[in-house]
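To start, the structure under review is shown below, and the notes come after it.
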Amino acid sequence: MQVNIALKKVVDNSYNITIDTLPKLHFDTKVAIVTNPKVAGLHLSYLLSKISAKELYIITVPDGEEYKNQESIDTILESLFNHRFNRKSLLIAFGGGVIGDMTGYASSIYQRGIDFIQVPTTLLSQVDASVGGKTGMNNSYGKNLIGAFHQPKAVYIDPLFLTTLPKREFGAGVAEIVKMAVTFNKSFFEFLERADLSNPDVLQDAIKQAVQTKADVVAQDEKEHGIRAALNYGHTFGHVIENETKYKKYLHGEAVAIGMVMANNTSVKMGIMSENEAQRIKQLLEKYNLPVSYSVEDTESFYETFYLDKKSSDSSITFILPVGLGGVEITDRCEKELLISVLNEFGEV
Ligand SMILES: NC(=O)c1ccc[n+]([C@@H]2O[C@H](COP(=O)([O-])OP(=O)(O)OC[C@H]3O[C@@H](n4cnc5c(N)ncnc54)[C@H](O)[C@@H]3O)[C@@H](O)[C@H]2O)c1
Ligand SMILES: [Zn+2]
């Protein structure tokens, strides 16, 4: 005997991303803003001047990647239970990618899933983390190993928040912007070469182009079965660098910047990128004071650490190699010898 559950349905998860001054928003439901003390201190009064709801609560969790964990998720969930949130209630993620990922994850599991909205406040979260519906948290086995795909109902990107962002954090966001331009959008890359991102209008335009580029990729491959993986350009190398430096020396975007340079050198050796193109990418990263060199002390151990990357399957490592500017190849067939020769060039800094 067999019973068939007919679940074939088309789900429309589409949503809009607004890149502009935050509009006034009213919600006829219970709403909780999830944030941290730093972001709240800087910008909560501005957010509250724009938002009204039937009932409005603020939930704060400690600031930092080290608090992107189960305890913070529990803090959020307990507050929702205490305030008797129901399935029509809404969460608003108000902060950088850490807050965005955790708020999204909490909303994906609270009563099997409620709606949430993203109001990202770092450049990295505005161009990358808030777009595409990846949510999650870290545990002792690694970063982002627990989570869900849960798309927000809307994203509101207000560049005004970036005026208080420290320079290094800004640069880390630029690294992810460069990542999208190099892999998918040559004209955007050329725009960035000419652009002065300290000009608010130019910055807003750059955010728009980055978000559009990522949105197009996500629309093609929401769950990362194929092309979306290309957005991990620079990350296979970058994760090793973060790991070797114990997540202390570099911000994530900075490690990705070095990782992109390493990936470019691999592409050059494989004959799919010219020296000149690799140089142009390096110069663009340097323009934002991003690190482009790194001292690989032990190439063998660097190579072994690739295998700790969760995006690798048992026997192969996936590399995202840019093909010229605006193209990309996803491959798990990259010769060890070739990689070691790339890493050897990073031996002395
Ligand atoms: N879901 C995704 O697709 C995706 C993509 C990329 C990154 N991420 C995740 O995003 C996280 C990194 O995000 P991040 O770089 O925004 O880090 P973050 O959230 O830790 O923010 C960086 C720092 O800036 C502070 N901050 C936030 N807004 C500020 C403002 N306007 N002015 C001054 N300070 C401000 C934060 O409190 C924090 O101290 C990682 O956990 C990463 O895994 C997720
Ligand atoms: Zn990244």
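Chain labels follow the order of the structure tokens: the first chain is A, the next B, and so on; residue numbering restarts at 1 in every chain, and ligands are counted from 1 in their shown order.
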
- Got a sec to check which residues lie within 8 Å of ligand 2, using only C-alpha atoms and all ligand atoms, and send them as a ChimeraX atom specification? /A:128,176,232,235,252-253,256

- Query: How would you write, as a ChimeraX atom specification, the set of residues no farther than 7 Å from ligand 1 when counting only C-alpha atoms and all ligand atoms?
  - Reply: /A:36,38-39,42,63-65,95-99,101,121-125,128-135,143-144,161-166,169,172-173

For the residues in the current selection, export N, CA and C atoms as a short mmCIF file (atom, residue, chain, number, x, y, z; two decimals), in the first residue's frame.
```cif
data_model
loop_
_atom_site.label_atom_id
_atom_site.label_comp_id
_atom_site.auth_asym_id
_atom_site.auth_seq_id
_atom_site.Cartn_x
_atom_site.Cartn_y
_atom_site.Cartn_z
N ASN A 36 21.93 44.44 18.40
CA ASN A 36 22.93 44.32 19.47
C ASN A 36 23.16 45.70 20.08
N LYS A 38 25.63 47.72 20.29
CA LYS A 38 26.35 48.73 19.51
C LYS A 38 25.45 49.39 18.47
N VAL A 39 24.78 48.57 17.69
CA VAL A 39 23.90 49.11 16.63
C VAL A 39 22.74 49.87 17.26
N LEU A 42 23.80 53.32 18.33
CA LEU A 42 24.05 54.24 17.21
C LEU A 42 22.79 54.61 16.44
N ASP A 63 27.16 41.59 20.94
CA ASP A 63 27.76 41.90 19.64
C ASP A 63 28.95 40.97 19.36
N GLY A 64 29.00 40.41 18.17
CA GLY A 64 30.21 39.67 17.78
C GLY A 64 29.92 38.31 17.21
N GLU A 65 30.81 37.90 16.30
CA GLU A 65 30.70 36.58 15.65
C GLU A 65 30.69 35.46 16.68
N GLY A 95 21.07 45.08 12.09
CA GLY A 95 22.49 45.03 12.41
C GLY A 95 23.27 44.50 11.21
N GLY A 96 24.46 43.99 11.48
CA GLY A 96 25.29 43.44 10.42
C GLY A 96 24.87 42.01 10.09
N GLY A 97 25.76 41.30 9.40
CA GLY A 97 25.44 39.95 8.95
C GLY A 97 25.20 38.97 10.09
N VAL A 98 25.86 39.19 11.22
CA VAL A 98 25.67 38.28 12.36
C VAL A 98 24.22 38.34 12.83
N ILE A 99 23.74 39.55 13.03
CA ILE A 99 22.34 39.74 13.46
C ILE A 99 21.39 39.24 12.37
N ASP A 101 21.83 36.93 10.00
CA ASP A 101 21.81 35.47 9.89
C ASP A 101 21.05 34.84 11.06
N THR A 121 22.94 46.93 8.41
CA THR A 121 23.61 48.19 8.76
C THR A 121 25.10 48.21 8.46
N THR A 122 25.69 47.10 8.01
CA THR A 122 27.09 47.14 7.56
C THR A 122 27.10 47.03 6.03
N LEU A 123 28.20 47.45 5.42
CA LEU A 123 28.26 47.35 3.96
C LEU A 123 28.18 45.88 3.54
N LEU A 124 28.90 45.03 4.27
CA LEU A 124 28.89 43.60 3.92
C LEU A 124 27.48 43.02 3.97
N SER A 125 26.75 43.37 5.00
CA SER A 125 25.40 42.81 5.10
C SER A 125 24.45 43.45 4.09
N ASP A 128 25.56 41.69 0.66
CA ASP A 128 25.76 40.25 0.58
C ASP A 128 24.84 39.47 1.54
N ALA A 129 25.08 39.62 2.86
CA ALA A 129 24.40 38.74 3.82
C ALA A 129 22.88 38.89 3.84
N SER A 130 22.38 40.10 3.58
CA SER A 130 20.92 40.29 3.70
C SER A 130 20.16 39.80 2.47
N VAL A 131 20.90 39.48 1.42
CA VAL A 131 20.28 39.11 0.15
C VAL A 131 20.45 37.61 -0.09
N GLY A 132 19.36 36.91 -0.30
CA GLY A 132 19.51 35.52 -0.76
C GLY A 132 19.01 34.45 0.18
N GLY A 133 18.65 34.82 1.43
CA GLY A 133 17.94 33.87 2.28
C GLY A 133 18.75 32.81 2.99
N LYS A 134 20.09 32.95 3.00
CA LYS A 134 20.86 32.00 3.81
C LYS A 134 20.84 32.52 5.24
N THR A 135 20.41 31.66 6.17
CA THR A 135 20.39 32.07 7.58
C THR A 135 21.11 31.01 8.40
N LYS A 143 31.72 27.35 11.23
CA LYS A 143 30.85 28.50 10.99
C LYS A 143 29.69 28.14 10.07
N ASN A 144 28.54 28.65 10.38
CA ASN A 144 27.34 28.53 9.54
C ASN A 144 26.97 27.08 9.22
N PHE A 161 23.26 54.38 7.38
CA PHE A 161 23.85 53.64 8.49
C PHE A 161 25.37 53.53 8.35
N LEU A 162 25.82 53.56 7.09
CA LEU A 162 27.25 53.31 6.85
C LEU A 162 28.15 54.46 7.30
N THR A 163 27.55 55.60 7.61
CA THR A 163 28.37 56.75 8.03
C THR A 163 29.08 56.49 9.35
N THR A 164 28.58 55.54 10.14
CA THR A 164 29.24 55.26 11.43
C THR A 164 30.11 54.00 11.37
N LEU A 165 30.19 53.41 10.20
CA LEU A 165 30.92 52.13 10.09
C LEU A 165 32.44 52.37 10.08
N PRO A 166 33.22 51.64 10.91
CA PRO A 166 34.67 51.80 10.89
C PRO A 166 35.24 51.47 9.50
N GLU A 169 35.79 47.82 8.47
CA GLU A 169 34.54 47.11 8.19
C GLU A 169 34.02 47.50 6.81
N ALA A 172 35.96 45.60 4.26
CA ALA A 172 35.55 44.19 4.22
C ALA A 172 34.31 44.03 3.34
N GLY A 173 33.43 45.00 3.38
CA GLY A 173 32.26 44.98 2.51
C GLY A 173 32.64 45.17 1.05
#
```

- Smallest atom-to-atom distance to A:Ile19: which of A:Ala181, A:Val261, A:Ile92, A:Ala206, using only C-alpha atoms?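 Among the listed residues, the smallest separation from A:Ile19 belongs to A:Ala206.
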
- Contacts of stretch 249-251 of chain A at 10 Å or less, counting only C-alpha atoms, minus same-chain residues fewer than 6 places along, as a VMD selection string? chain A and resid 168 to 169 171 to 173 238 241 to 242 257 to 258 290 to 291

Serialized selection, C-alpha atoms, as a PDB file, in the first residue's frame:
```
ATOM      1  CA  ARG A 168      38.116  48.397   8.064  1.00  0.00           C
ATOM      2  CA  GLU A 169      34.540  47.107   8.186  1.00  0.00           C
ATOM      3  CA  GLY A 171      36.729  47.684   3.279  1.00  0.00           C
ATOM      4  CA  ALA A 172      35.548  44.190   4.219  1.00  0.00           C
ATOM      5  CA  GLY A 173      32.256  44.975   2.509  1.00  0.00           C
ATOM      6  CA  GLY A 238      40.176  32.888   2.623  1.00  0.00           C
ATOM      7  CA  ILE A 241      43.703  32.159   6.150  1.00  0.00           C
ATOM      8  CA  GLU A 242      40.990  32.863   8.743  1.00  0.00           C
ATOM      9  CA  ALA A 257      40.576  39.765  -0.447  1.00  0.00           C
ATOM     10  CA  ILE A 258      43.795  37.786  -0.039  1.00  0.00           C
ATOM     11  CA  LEU A 290      42.520  45.590   1.684  1.00  0.00           C
ATOM     12  CA  PRO A 291      45.391  43.153   2.278  1.00  0.00           C
TER      13      PRO A 291
END
```

- Task: May I ask for the distance between atom CA of A:Leu47 and atom CA of A:Leu25, given in Å to one decimal place?
- Result: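 These two atoms are separated by 9.9 Å.
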
- Could you work out how far atom CA of A:Thr183 lies from atom CA of A:Val328, giving the answer in Å with one decimal? 5.3 Å

Wanna dump the stretch 148-250 of chain A-stretch 295-311 of chain A contacts at 8 Å for me, each residue with its shortest atom pair and the distance in Å to one decimal, counting only C-alpha atoms, ordered by chain and number, as a tab-separated table?
```
residue	atom	partner	partner_atom	distance
A:Thr236	CA	A:Phe306	CA	6.8
A:Phe237	CA	A:Phe306	CA	7.4
A:His239	CA	A:Asp309	CA	7.0
A:Val240	CA	A:Thr305	CA	5.9
```

Output N, CA, C and O atoms of each residue in that selection to a file, as a tab-separated table (two decimals), in the first residue's frame.
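And here's result-v6.tsv as it stands now:
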```tsv
chain	number	residue	atom	x	y	z
A	236	THR	N	37.60	29.85	-0.53
A	236	THR	CA	38.29	28.58	-0.23
A	236	THR	C	39.66	28.90	0.37
A	236	THR	O	40.04	28.34	1.40
A	237	PHE	N	40.38	29.83	-0.28
A	237	PHE	CA	41.67	30.28	0.27
A	237	PHE	C	41.43	31.10	1.55
A	237	PHE	O	42.15	30.95	2.53
A	239	HIS	N	39.12	31.06	3.82
A	239	HIS	CA	38.79	30.31	5.04
A	239	HIS	C	40.05	29.72	5.68
A	239	HIS	O	40.15	29.65	6.90
A	240	VAL	N	40.98	29.29	4.85
A	240	VAL	CA	42.23	28.74	5.40
A	240	VAL	C	42.98	29.86	6.14
A	240	VAL	O	43.50	29.65	7.24
```
